[in-house]
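S.K.: Sharing upload-v8.pdb here; it has PDB, N, CA and C atoms, pLDDT in the B column.
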```
ATOM      1  N   MET A   1     -48.469  68.556  -4.584  1.00 51.00           N
ATOM      2  CA  MET A   1     -49.165  68.177  -3.366  1.00 51.00           C
ATOM      3  C   MET A   1     -50.352  69.101  -3.150  1.00 51.00           C
ATOM      4  N   HIS A   2     -51.552  68.525  -3.124  1.00 63.00           N
ATOM      5  CA  HIS A   2     -52.763  69.315  -2.960  1.00 63.00           C
ATOM      6  C   HIS A   2     -53.138  69.424  -1.497  1.00 63.00           C
ATOM      7  N   THR A   3     -53.566  70.594  -1.158  1.00 78.00           N
ATOM      8  CA  THR A   3     -54.065  70.762   0.214  1.00 78.00           C
ATOM      9  C   THR A   3     -55.485  70.229   0.280  1.00 78.00           C
ATOM     10  N   PRO A   4     -55.941  69.820   1.440  1.00 83.00           N
ATOM     11  CA  PRO A   4     -57.286  69.226   1.535  1.00 83.00           C
ATOM     12  C   PRO A   4     -58.419  70.231   1.289  1.00 83.00           C
ATOM     13  N   PHE A   5     -58.083  71.512   1.180  1.00 84.00           N
ATOM     14  CA  PHE A   5     -59.135  72.517   0.998  1.00 84.00           C
ATOM     15  C   PHE A   5     -59.459  72.790  -0.477  1.00 84.00           C
ATOM     16  N   ILE A   6     -58.614  72.337  -1.376  1.00 90.00           N
ATOM     17  CA  ILE A   6     -58.775  72.669  -2.802  1.00 90.00           C
ATOM     18  C   ILE A   6     -60.062  72.083  -3.376  1.00 90.00           C
ATOM     19  N   ILE A   7     -60.331  70.810  -3.159  1.00 89.00           N
ATOM     20  CA  ILE A   7     -61.505  70.159  -3.751  1.00 89.00           C
ATOM     21  C   ILE A   7     -62.803  70.740  -3.193  1.00 89.00           C
ATOM     22  N   PRO A   8     -62.981  70.816  -1.866  1.00 90.00           N
ATOM     23  CA  PRO A   8     -64.237  71.404  -1.377  1.00 90.00           C
ATOM     24  C   PRO A   8     -64.397  72.867  -1.791  1.00 90.00           C
ATOM     25  N   LEU A   9     -63.296  73.607  -1.835  1.00 93.00           N
ATOM     26  CA  LEU A   9     -63.365  75.007  -2.230  1.00 93.00           C
ATOM     27  C   LEU A   9     -63.760  75.140  -3.699  1.00 93.00           C
ATOM     28  N   SER A  10     -63.209  74.297  -4.559  1.00 93.00           N
ATOM     29  CA  SER A  10     -63.568  74.365  -5.974  1.00 93.00           C
ATOM     30  C   SER A  10     -65.005  73.900  -6.211  1.00 93.00           C
ATOM     31  N   VAL A  11     -65.480  72.925  -5.452  1.00 94.00           N
ATOM     32  CA  VAL A  11     -66.884  72.500  -5.569  1.00 94.00           C
ATOM     33  C   VAL A  11     -67.797  73.640  -5.124  1.00 94.00           C
ATOM     34  N   PHE A  12     -67.460  74.296  -4.043  1.00 96.00           N
ATOM     35  CA  PHE A  12     -68.244  75.435  -3.567  1.00 96.00           C
ATOM     36  C   PHE A  12     -68.249  76.562  -4.602  1.00 96.00           C
ATOM     37  N   ALA A  13     -67.100  76.850  -5.174  1.00 97.00           N
ATOM     38  CA  ALA A  13     -67.005  77.905  -6.185  1.00 97.00           C
ATOM     39  C   ALA A  13     -67.841  77.550  -7.413  1.00 97.00           C
ATOM     40  N   MET A  14     -67.840  76.283  -7.807  1.00 97.00           N
ATOM     41  CA  MET A  14     -68.623  75.857  -8.958  1.00 97.00           C
ATOM     42  C   MET A  14     -70.120  76.015  -8.683  1.00 97.00           C
ATOM     43  N   VAL A  15     -70.547  75.642  -7.477  1.00 98.00           N
ATOM     44  CA  VAL A  15     -71.962  75.802  -7.108  1.00 98.00           C
ATOM     45  C   VAL A  15     -72.345  77.278  -7.121  1.00 98.00           C
ATOM     46  N   VAL A  16     -71.505  78.132  -6.568  1.00 98.00           N
ATOM     47  CA  VAL A  16     -71.781  79.570  -6.556  1.00 98.00           C
ATOM     48  C   VAL A  16     -71.862  80.092  -7.988  1.00 98.00           C
ATOM     49  N   LEU A  17     -70.973  79.650  -8.847  1.00 98.00           N
ATOM     50  CA  LEU A  17     -70.975  80.076 -10.243  1.00 98.00           C
ATOM     51  C   LEU A  17     -72.251  79.628 -10.958  1.00 98.00           C
ATOM     52  N   ILE A  18     -72.668  78.405 -10.744  1.00 98.00           N
ATOM     53  CA  ILE A  18     -73.889  77.896 -11.372  1.00 98.00           C
ATOM     54  C   ILE A  18     -75.103  78.693 -10.894  1.00 98.00           C
ATOM     55  N   VAL A  19     -75.183  78.935  -9.604  1.00 98.00           N
ATOM     56  CA  VAL A  19     -76.300  79.707  -9.056  1.00 98.00           C
ATOM     57  C   VAL A  19     -76.301  81.121  -9.647  1.00 98.00           C
ATOM     58  N   ALA A  20     -75.137  81.733  -9.749  1.00 98.00           N
ATOM     59  CA  ALA A  20     -75.044  83.083 -10.305  1.00 98.00           C
ATOM     60  C   ALA A  20     -75.489  83.100 -11.763  1.00 98.00           C
ATOM     61  N   ILE A  21     -75.099  82.111 -12.537  1.00 98.00           N
ATOM     62  CA  ILE A  21     -75.497  82.039 -13.952  1.00 98.00           C
ATOM     63  C   ILE A  21     -77.014  81.886 -14.077  1.00 98.00           C
ATOM     64  N   VAL A  22     -77.593  81.034 -13.245  1.00 98.00           N
ATOM     65  CA  VAL A  22     -79.051  80.839 -13.283  1.00 98.00           C
ATOM     66  C   VAL A  22     -79.771  82.127 -12.908  1.00 98.00           C
ATOM     67  N   LYS A  23     -79.286  82.805 -11.866  1.00 98.00           N
ATOM     68  CA  LYS A  23     -79.899  84.068 -11.449  1.00 98.00           C
ATOM     69  C   LYS A  23     -79.808  85.115 -12.549  1.00 98.00           C
ATOM     70  N   LEU A  24     -78.660  85.222 -13.197  1.00 98.00           N
ATOM     71  CA  LEU A  24     -78.493  86.192 -14.279  1.00 98.00           C
ATOM     72  C   LEU A  24     -79.397  85.871 -15.465  1.00 98.00           C
ATOM     73  N   ALA A  25     -79.565  84.590 -15.764  1.00 98.00           N
ATOM     74  CA  ALA A  25     -80.449  84.196 -16.866  1.00 98.00           C
ATOM     75  C   ALA A  25     -81.890  84.573 -16.552  1.00 98.00           C
ATOM     76  N   LYS A  26     -82.321  84.339 -15.310  1.00 98.00           N
ATOM     77  CA  LYS A  26     -83.687  84.715 -14.918  1.00 98.00           C
ATOM     78  C   LYS A  26     -83.856  86.225 -14.951  1.00 98.00           C
ATOM     79  N   LEU A  27     -82.840  86.953 -14.517  1.00 98.00           N
ATOM     80  CA  LEU A  27     -82.892  88.412 -14.544  1.00 98.00           C
ATOM     81  C   LEU A  27     -82.994  88.915 -15.976  1.00 98.00           C
ATOM     82  N   ARG A  28     -82.264  88.311 -16.873  1.00 98.00           N
ATOM     83  CA  ARG A  28     -82.317  88.687 -18.294  1.00 98.00           C
ATOM     84  C   ARG A  28     -83.710  88.426 -18.876  1.00 98.00           C
ATOM     85  N   ASP A  29     -84.291  87.273 -18.521  1.00 98.00           N
ATOM     86  CA  ASP A  29     -85.642  86.968 -18.988  1.00 98.00           C
ATOM     87  C   ASP A  29     -86.644  88.008 -18.490  1.00 98.00           C
ATOM     88  N   LYS A  30     -86.508  88.375 -17.227  1.00 98.00           N
ATOM     89  CA  LYS A  30     -87.406  89.386 -16.649  1.00 98.00           C
ATOM     90  C   LYS A  30     -87.229  90.728 -17.355  1.00 98.00           C
ATOM     91  N   GLU A  31     -85.974  91.094 -17.635  1.00 98.00           N
ATOM     92  CA  GLU A  31     -85.699  92.346 -18.335  1.00 98.00           C
ATOM     93  C   GLU A  31     -86.346  92.341 -19.719  1.00 98.00           C
ATOM     94  N   MET A  32     -86.244  91.240 -20.431  1.00 98.00           N
ATOM     95  CA  MET A  32     -86.841  91.141 -21.766  1.00 98.00           C
ATOM     96  C   MET A  32     -88.366  91.253 -21.677  1.00 98.00           C
ATOM     97  N   GLU A  33     -88.959  90.634 -20.656  1.00 98.00           N
ATOM     98  CA  GLU A  33     -90.408  90.738 -20.445  1.00 98.00           C
ATOM     99  C   GLU A  33     -90.830  92.188 -20.242  1.00 98.00           C
ATOM    100  N   VAL A  34     -90.105  92.891 -19.393  1.00 98.00           N
ATOM    101  CA  VAL A  34     -90.426  94.283 -19.093  1.00 98.00           C
ATOM    102  C   VAL A  34     -90.273  95.147 -20.337  1.00 98.00           C
ATOM    103  N   GLN A  35     -89.203  94.940 -21.098  1.00 98.00           N
ATOM    104  CA  GLN A  35     -89.001  95.715 -22.327  1.00 98.00           C
ATOM    105  C   GLN A  35     -90.118  95.462 -23.329  1.00 98.00           C
ATOM    106  N   GLN A  36     -90.538  94.212 -23.437  1.00 98.00           N
ATOM    107  CA  GLN A  36     -91.624  93.883 -24.365  1.00 98.00           C
ATOM    108  C   GLN A  36     -92.926  94.540 -23.923  1.00 98.00           C
ATOM    109  N   ARG A  37     -93.216  94.489 -22.616  1.00 98.00           N
ATOM    110  CA  ARG A  37     -94.439  95.107 -22.094  1.00 98.00           C
ATOM    111  C   ARG A  37     -94.421  96.618 -22.324  1.00 98.00           C
ATOM    112  N   LEU A  38     -93.271  97.249 -22.079  1.00 98.00           N
ATOM    113  CA  LEU A  38     -93.165  98.689 -22.302  1.00 98.00           C
ATOM    114  C   LEU A  38     -93.352  99.041 -23.771  1.00 98.00           C
ATOM    115  N   HIS A  39     -92.829  98.216 -24.656  1.00 98.00           N
ATOM    116  CA  HIS A  39     -92.985  98.465 -26.087  1.00 98.00           C
ATOM    117  C   HIS A  39     -94.464  98.384 -26.484  1.00 98.00           C
ATOM    118  N   VAL A  40     -95.161  97.372 -25.982  1.00 98.00           N
ATOM    119  CA  VAL A  40     -96.587  97.221 -26.274  1.00 98.00           C
ATOM    120  C   VAL A  40     -97.362  98.419 -25.737  1.00 98.00           C
ATOM    121  N   GLU A  41     -97.033  98.859 -24.526  1.00 98.00           N
ATOM    122  CA  GLU A  41     -97.707 100.018 -23.950  1.00 98.00           C
ATOM    123  C   GLU A  41     -97.410 101.287 -24.747  1.00 98.00           C
ATOM    124  N   GLN A  42     -96.176 101.419 -25.248  1.00 98.00           N
ATOM    125  CA  GLN A  42     -95.817 102.579 -26.054  1.00 98.00           C
ATOM    126  C   GLN A  42     -96.612 102.591 -27.360  1.00 98.00           C
ATOM    127  N   LEU A  43     -96.736 101.434 -28.000  1.00 98.00           N
ATOM    128  CA  LEU A  43     -97.518 101.354 -29.233  1.00 98.00           C
ATOM    129  C   LEU A  43     -98.985 101.683 -28.974  1.00 98.00           C
ATOM    130  N   ASP A  44     -99.512 101.213 -27.860  1.00 98.00           N
ATOM    131  CA  ASP A  44    -100.892 101.509 -27.493  1.00 98.00           C
ATOM    132  C   ASP A  44    -101.074 103.008 -27.257  1.00 98.00           C
ATOM    133  N   HIS A  45    -100.116 103.609 -26.594  1.00 98.00           N
ATOM    134  CA  HIS A  45    -100.169 105.049 -26.332  1.00 98.00           C
ATOM    135  C   HIS A  45    -100.131 105.835 -27.647  1.00 98.00           C
ATOM    136  N   GLN A  46     -99.257 105.440 -28.551  1.00 98.00           N
ATOM    137  CA  GLN A  46     -99.171 106.121 -29.851  1.00 98.00           C
ATOM    138  C   GLN A  46    -100.488 106.003 -30.613  1.00 98.00           C
ATOM    139  N   ARG A  47    -101.106 104.823 -30.563  1.00 98.00           N
ATOM    140  CA  ARG A  47    -102.387 104.626 -31.233  1.00 98.00           C
ATOM    141  C   ARG A  47    -103.456 105.533 -30.631  1.00 98.00           C
ATOM    142  N   LYS A  48    -103.487 105.623 -29.309  1.00 98.00           N
ATOM    143  CA  LYS A  48    -104.466 106.491 -28.648  1.00 98.00           C
ATOM    144  C   LYS A  48    -104.228 107.955 -29.006  1.00 98.00           C
ATOM    145  N   MET A  49    -102.970 108.349 -29.071  1.00 98.00           N
ATOM    146  CA  MET A  49    -102.669 109.738 -29.438  1.00 98.00           C
ATOM    147  C   MET A  49    -103.106 110.025 -30.875  1.00 98.00           C
ATOM    148  N   GLN A  50    -102.910 109.083 -31.769  1.00 97.00           N
ATOM    149  CA  GLN A  50    -103.361 109.267 -33.154  1.00 97.00           C
ATOM    150  C   GLN A  50    -104.881 109.369 -33.212  1.00 97.00           C
ATOM    151  N   ASP A  51    -105.567 108.522 -32.441  1.00 97.00           N
ATOM    152  CA  ASP A  51    -107.029 108.585 -32.388  1.00 97.00           C
ATOM    153  C   ASP A  51    -107.494 109.938 -31.879  1.00 97.00           C
ATOM    154  N   LEU A  52    -106.834 110.431 -30.832  1.00 97.00           N
ATOM    155  CA  LEU A  52    -107.208 111.746 -30.289  1.00 97.00           C
ATOM    156  C   LEU A  52    -106.937 112.853 -31.294  1.00 97.00           C
ATOM    157  N   GLN A  53    -105.839 112.758 -32.016  1.00 97.00           N
ATOM    158  CA  GLN A  53    -105.509 113.761 -33.034  1.00 97.00           C
ATOM    159  C   GLN A  53    -106.570 113.769 -34.134  1.00 97.00           C
ATOM    160  N   LEU A  54    -106.965 112.590 -34.571  1.00 96.00           N
ATOM    161  CA  LEU A  54    -108.010 112.500 -35.587  1.00 96.00           C
ATOM    162  C   LEU A  54    -109.338 113.068 -35.070  1.00 96.00           C
ATOM    163  N   GLU A  55    -109.656 112.758 -33.829  1.00 95.00           N
ATOM    164  CA  GLU A  55    -110.889 113.286 -33.223  1.00 95.00           C
ATOM    165  C   GLU A  55    -110.833 114.806 -33.137  1.00 95.00           C
ATOM    166  N   LEU A  56    -109.682 115.347 -32.753  1.00 95.00           N
ATOM    167  CA  LEU A  56    -109.517 116.792 -32.664  1.00 95.00           C
ATOM    168  C   LEU A  56    -109.691 117.442 -34.034  1.00 95.00           C
ATOM    169  N   GLU A  57    -109.101 116.863 -35.061  1.00 94.00           N
ATOM    170  CA  GLU A  57    -109.247 117.385 -36.412  1.00 94.00           C
ATOM    171  C   GLU A  57    -110.704 117.316 -36.873  1.00 94.00           C
ATOM    172  N   ARG A  58    -111.372 116.222 -36.512  1.00 94.00           N
ATOM    173  CA  ARG A  58    -112.798 116.074 -36.878  1.00 94.00           C
ATOM    174  C   ARG A  58    -113.637 117.154 -36.211  1.00 94.00           C
ATOM    175  N   VAL A  59    -113.391 117.409 -34.936  1.00 93.00           N
ATOM    176  CA  VAL A  59    -114.142 118.419 -34.199  1.00 93.00           C
ATOM    177  C   VAL A  59    -113.848 119.812 -34.775  1.00 93.00           C
ATOM    178  N   LYS A  60    -112.590 120.088 -35.091  1.00 90.00           N
ATOM    179  CA  LYS A  60    -112.227 121.394 -35.650  1.00 90.00           C
ATOM    180  C   LYS A  60    -112.878 121.624 -37.017  1.00 90.00           C
ATOM    181  N   SER A  61    -112.980 120.548 -37.798  1.00 92.00           N
ATOM    182  CA  SER A  61    -113.545 120.706 -39.146  1.00 92.00           C
ATOM    183  C   SER A  61    -115.056 120.949 -39.084  1.00 92.00           C
ATOM    184  N   LYS A  62    -115.713 120.548 -38.021  1.00 86.00           N
ATOM    185  CA  LYS A  62    -117.158 120.762 -37.890  1.00 86.00           C
ATOM    186  C   LYS A  62    -117.473 122.208 -37.489  1.00 86.00           C
ATOM    187  N   GLN A  63    -116.535 122.900 -36.939  1.00 77.00           N
ATOM    188  CA  GLN A  63    -116.799 124.264 -36.461  1.00 77.00           C
ATOM    189  C   GLN A  63    -116.815 125.268 -37.560  1.00 77.00           C
TER     190      GLN A  63
END
```
For the structure just supplied, provide its representation as structure tokens.

M.R.:
Amino acid sequence: MHTPFIIPLSVFAMVVLIVAIVKLAKLRDKEMEVQQRLHVEQLDHQRKMQDLQLELERVKSKQ
């Protein structure tokens, strides 16, 4: 014998679960975007540091 609250409660729980899954998927996408952007910025920083190192060596060799 089912109580009248089981069906509406399970529908509500399913909706909450679906919303939570969608939110987590969007959060994961955002996290991946941020990680990718940070990686690109890190590579750019490393390139700039190498350029500065080469410039420093060039200046030192002229002295």

S.K.: Figure out the distance between atom C of Ser61 of chain A and atom C of Lys48 of chain A, please, to one decimal in Å.

M.R.: 19.7 Å

S.K.: Quick one: pull the distance between atom C of Ile6 of chain A and atom N of Val22 of chain A, Å, one decimal.

M.R.: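 Computing it gives 22.0 Å between the two atoms.
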
S.K.: Atom CA of Val19 of chain A and atom CA of Arg37 of chain A are how many Å apart?

M.R.: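 Atom CA of Arg37 of chain A lies 27.1 Å from atom CA of Val19 of chain A.
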